[in-house]
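Following: one structure in structure tokens, then a few remarks.
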Amino acid sequence: MVMMLVARADDSVLPNGDFEQADPAHPGKALHWDLIDGLGVQWTDAPTVPGAPAHGKAIRMDTAQTEKAMMASYTKAGLTQWVFPKPSDGPIAETYGLSLYSEAMPVVPGKTYRVTFDYLAEKGTAGKLWFRAYANVDGEKKRVYEGTIDCGGSGGWKQFSGVFHPTKYRPNVDEFKIMLFAFYPPGVAWFDNVRVEAVDEPDAN
């Protein structure tokens, strides 16, 4: 049976998914997204691709940076959650990769979430987009649902998409975050135009 996904609103429920708005409190990062280190993860002008529309601002991830360089950059930026026990001279792509989270957004019970985004890898670096959903469990906020969209390839901007059903499997879910992630092979990858739509999905029966 073919199921139709019906959007009830034109606007994405994820603010600033095109990364065009600066955070007034932190002018060097995009509004509604986590603080960046400025070396491995940057908020900057997207590359110009001949024959393709301009992308404006985007998120750039350079997974060829070494663990030692990233540790120094995290420390300088005050990102204390990133601690490598024994940082090496090898590229971050071979161990941890690089990531960036959106701020948490509310989940509407019964809704399906359709995510689309643009990805560009300069040297075929692979990436993922994670849809992670959270709930209060024993008085603590915990991640109880997640799904991914793989992305990669080279040769210009490509659009990827996926569908997620957080409250179908975890009825207590009340919020979600998007995590952008790039890893191997070492190189530069870009994310832009992240769009999250809450849609109605008719019962398969």
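In the structure tokens, chains take the letters A, B, ... in the order shown, each chain's residues start at 1, and ligands count up from 1 in the order shown.
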Could you produce a table of the residues of region 116-161 of chain A lying within 12 Å of region 17-26 of chain A, with the nearest pair of atoms per residue and their separation in Å rounded to one decimal, using only C-alpha atoms, ordered by chain and increasing residue number, as a tab-separated table?
residue	atom	partner	partner_atom	distance
A:Thr116	CA	A:Gly17	CA	10.0
A:Phe117	CA	A:Gly17	CA	8.6
A:Asp118	CA	A:Asp18	CA	9.6
Go ahead and write the residues just picked, all heavy atoms, as a PDB file, in the first residue's frame.
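What ended up in selection-v2.pdb:
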ATOM      1  N   THR A 116      14.908  17.138   5.120  1.00  0.00           N
ATOM      2  CA  THR A 116      15.690  17.277   3.894  1.00  0.00           C
ATOM      3  C   THR A 116      16.850  18.225   4.173  1.00  0.00           C
ATOM      4  O   THR A 116      16.755  19.111   5.022  1.00  0.00           O
ATOM      5  CB  THR A 116      14.854  17.828   2.730  1.00  0.00           C
ATOM      6  OG1 THR A 116      14.334  19.112   3.085  1.00  0.00           O
ATOM      7  CG2 THR A 116      13.706  16.898   2.392  1.00  0.00           C
ATOM      8  N   PHE A 117      17.942  18.046   3.466  1.00  0.00           N
ATOM      9  CA  PHE A 117      19.102  18.920   3.634  1.00  0.00           C
ATOM     10  C   PHE A 117      20.012  18.788   2.426  1.00  0.00           C
ATOM     11  O   PHE A 117      19.935  17.822   1.653  1.00  0.00           O
ATOM     12  CB  PHE A 117      19.866  18.594   4.923  1.00  0.00           C
ATOM     13  CG  PHE A 117      20.490  17.221   4.947  1.00  0.00           C
ATOM     14  CD1 PHE A 117      21.836  17.036   4.669  1.00  0.00           C
ATOM     15  CD2 PHE A 117      19.725  16.100   5.252  1.00  0.00           C
ATOM     16  CE1 PHE A 117      22.412  15.774   4.695  1.00  0.00           C
ATOM     17  CE2 PHE A 117      20.290  14.831   5.286  1.00  0.00           C
ATOM     18  CZ  PHE A 117      21.633  14.670   5.004  1.00  0.00           C
ATOM     19  N   ASP A 118      20.893  19.764   2.260  1.00  0.00           N
ATOM     20  CA  ASP A 118      21.888  19.762   1.195  1.00  0.00           C
ATOM     21  C   ASP A 118      23.255  19.431   1.776  1.00  0.00           C
ATOM     22  O   ASP A 118      23.602  19.884   2.875  1.00  0.00           O
ATOM     23  CB  ASP A 118      21.947  21.134   0.511  1.00  0.00           C
ATOM     24  CG  ASP A 118      20.643  21.499  -0.177  1.00  0.00           C
ATOM     25  OD1 ASP A 118      19.871  20.582  -0.507  1.00  0.00           O
ATOM     26  OD2 ASP A 118      20.406  22.709  -0.376  1.00  0.00           O
TER      27      ASP A 118
END
Backbone DSSP call of strand (DSSP E) for region 49-173 of chain A, listed as a PyMOL selection string: chain A and resi 57-62+98-101+105-106+112-121+127-137+140-151+158-164
Distance in Å - CA of Leu120 (chain A) versus CA of Ala58 (chain A): 10.3 Å
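By only C-alpha atoms, and with residues fewer than 5 positions from Gly147 (chain A) along its chain excluded, the set lying at most 8 Å from it is Trp130, Phe131, Arg132 and Phe164 of chain A.
Distance-wise, CA of Met105 (chain A) and CA of Ser12 (chain A) end up 11.3 Å apart.
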Between CA of Asn193 (chain A) and CA of Lys177 (chain A) - distance in Å to one decimal: 15.4 Å
Name the residues in contact with Gln42 (chain A) at a cut-off of 8 Å, using only C-alpha atoms, excluding same-chain residues fewer than 5 positions from it; report them as a PDB file with N, CA, C and O atoms, in the first residue's frame.
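Below is the file that was written, around06.pdb:
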ATOM      1  N   LYS A  29      28.536  32.433  15.294  1.00  0.00           N
ATOM      2  CA  LYS A  29      27.839  31.166  15.073  1.00  0.00           C
ATOM      3  C   LYS A  29      26.418  31.431  14.601  1.00  0.00           C
ATOM      4  O   LYS A  29      25.889  32.527  14.704  1.00  0.00           O
ATOM      5  N   ILE A  36      30.358  26.767  17.947  1.00  0.00           N
ATOM      6  CA  ILE A  36      31.336  26.054  17.128  1.00  0.00           C
ATOM      7  C   ILE A  36      32.754  26.389  17.588  1.00  0.00           C
ATOM      8  O   ILE A  36      32.978  27.392  18.258  1.00  0.00           O
ATOM      9  N   ASP A  37      33.717  25.539  17.207  1.00  0.00           N
ATOM     10  CA  ASP A  37      35.098  25.804  17.618  1.00  0.00           C
ATOM     11  C   ASP A  37      35.785  26.778  16.658  1.00  0.00           C
ATOM     12  O   ASP A  37      36.728  27.462  17.031  1.00  0.00           O
ATOM     13  N   ILE A  59      27.374  25.337   7.032  1.00  0.00           N
ATOM     14  CA  ILE A  59      28.263  24.747   8.034  1.00  0.00           C
ATOM     15  C   ILE A  59      29.361  23.959   7.314  1.00  0.00           C
ATOM     16  O   ILE A  59      29.080  23.086   6.491  1.00  0.00           O
ATOM     17  N   ARG A  60      30.582  24.288   7.643  1.00  0.00           N
ATOM     18  CA  ARG A  60      31.759  23.633   7.062  1.00  0.00           C
ATOM     19  C   ARG A  60      32.427  22.762   8.115  1.00  0.00           C
ATOM     20  O   ARG A  60      32.685  23.224   9.227  1.00  0.00           O
ATOM     21  N   MET A  61      32.728  21.518   7.767  1.00  0.00           N
ATOM     22  CA  MET A  61      33.433  20.609   8.670  1.00  0.00           C
ATOM     23  C   MET A  61      34.677  20.081   7.976  1.00  0.00           C
ATOM     24  O   MET A  61      34.588  19.554   6.864  1.00  0.00           O
TER      25      MET A  61
END
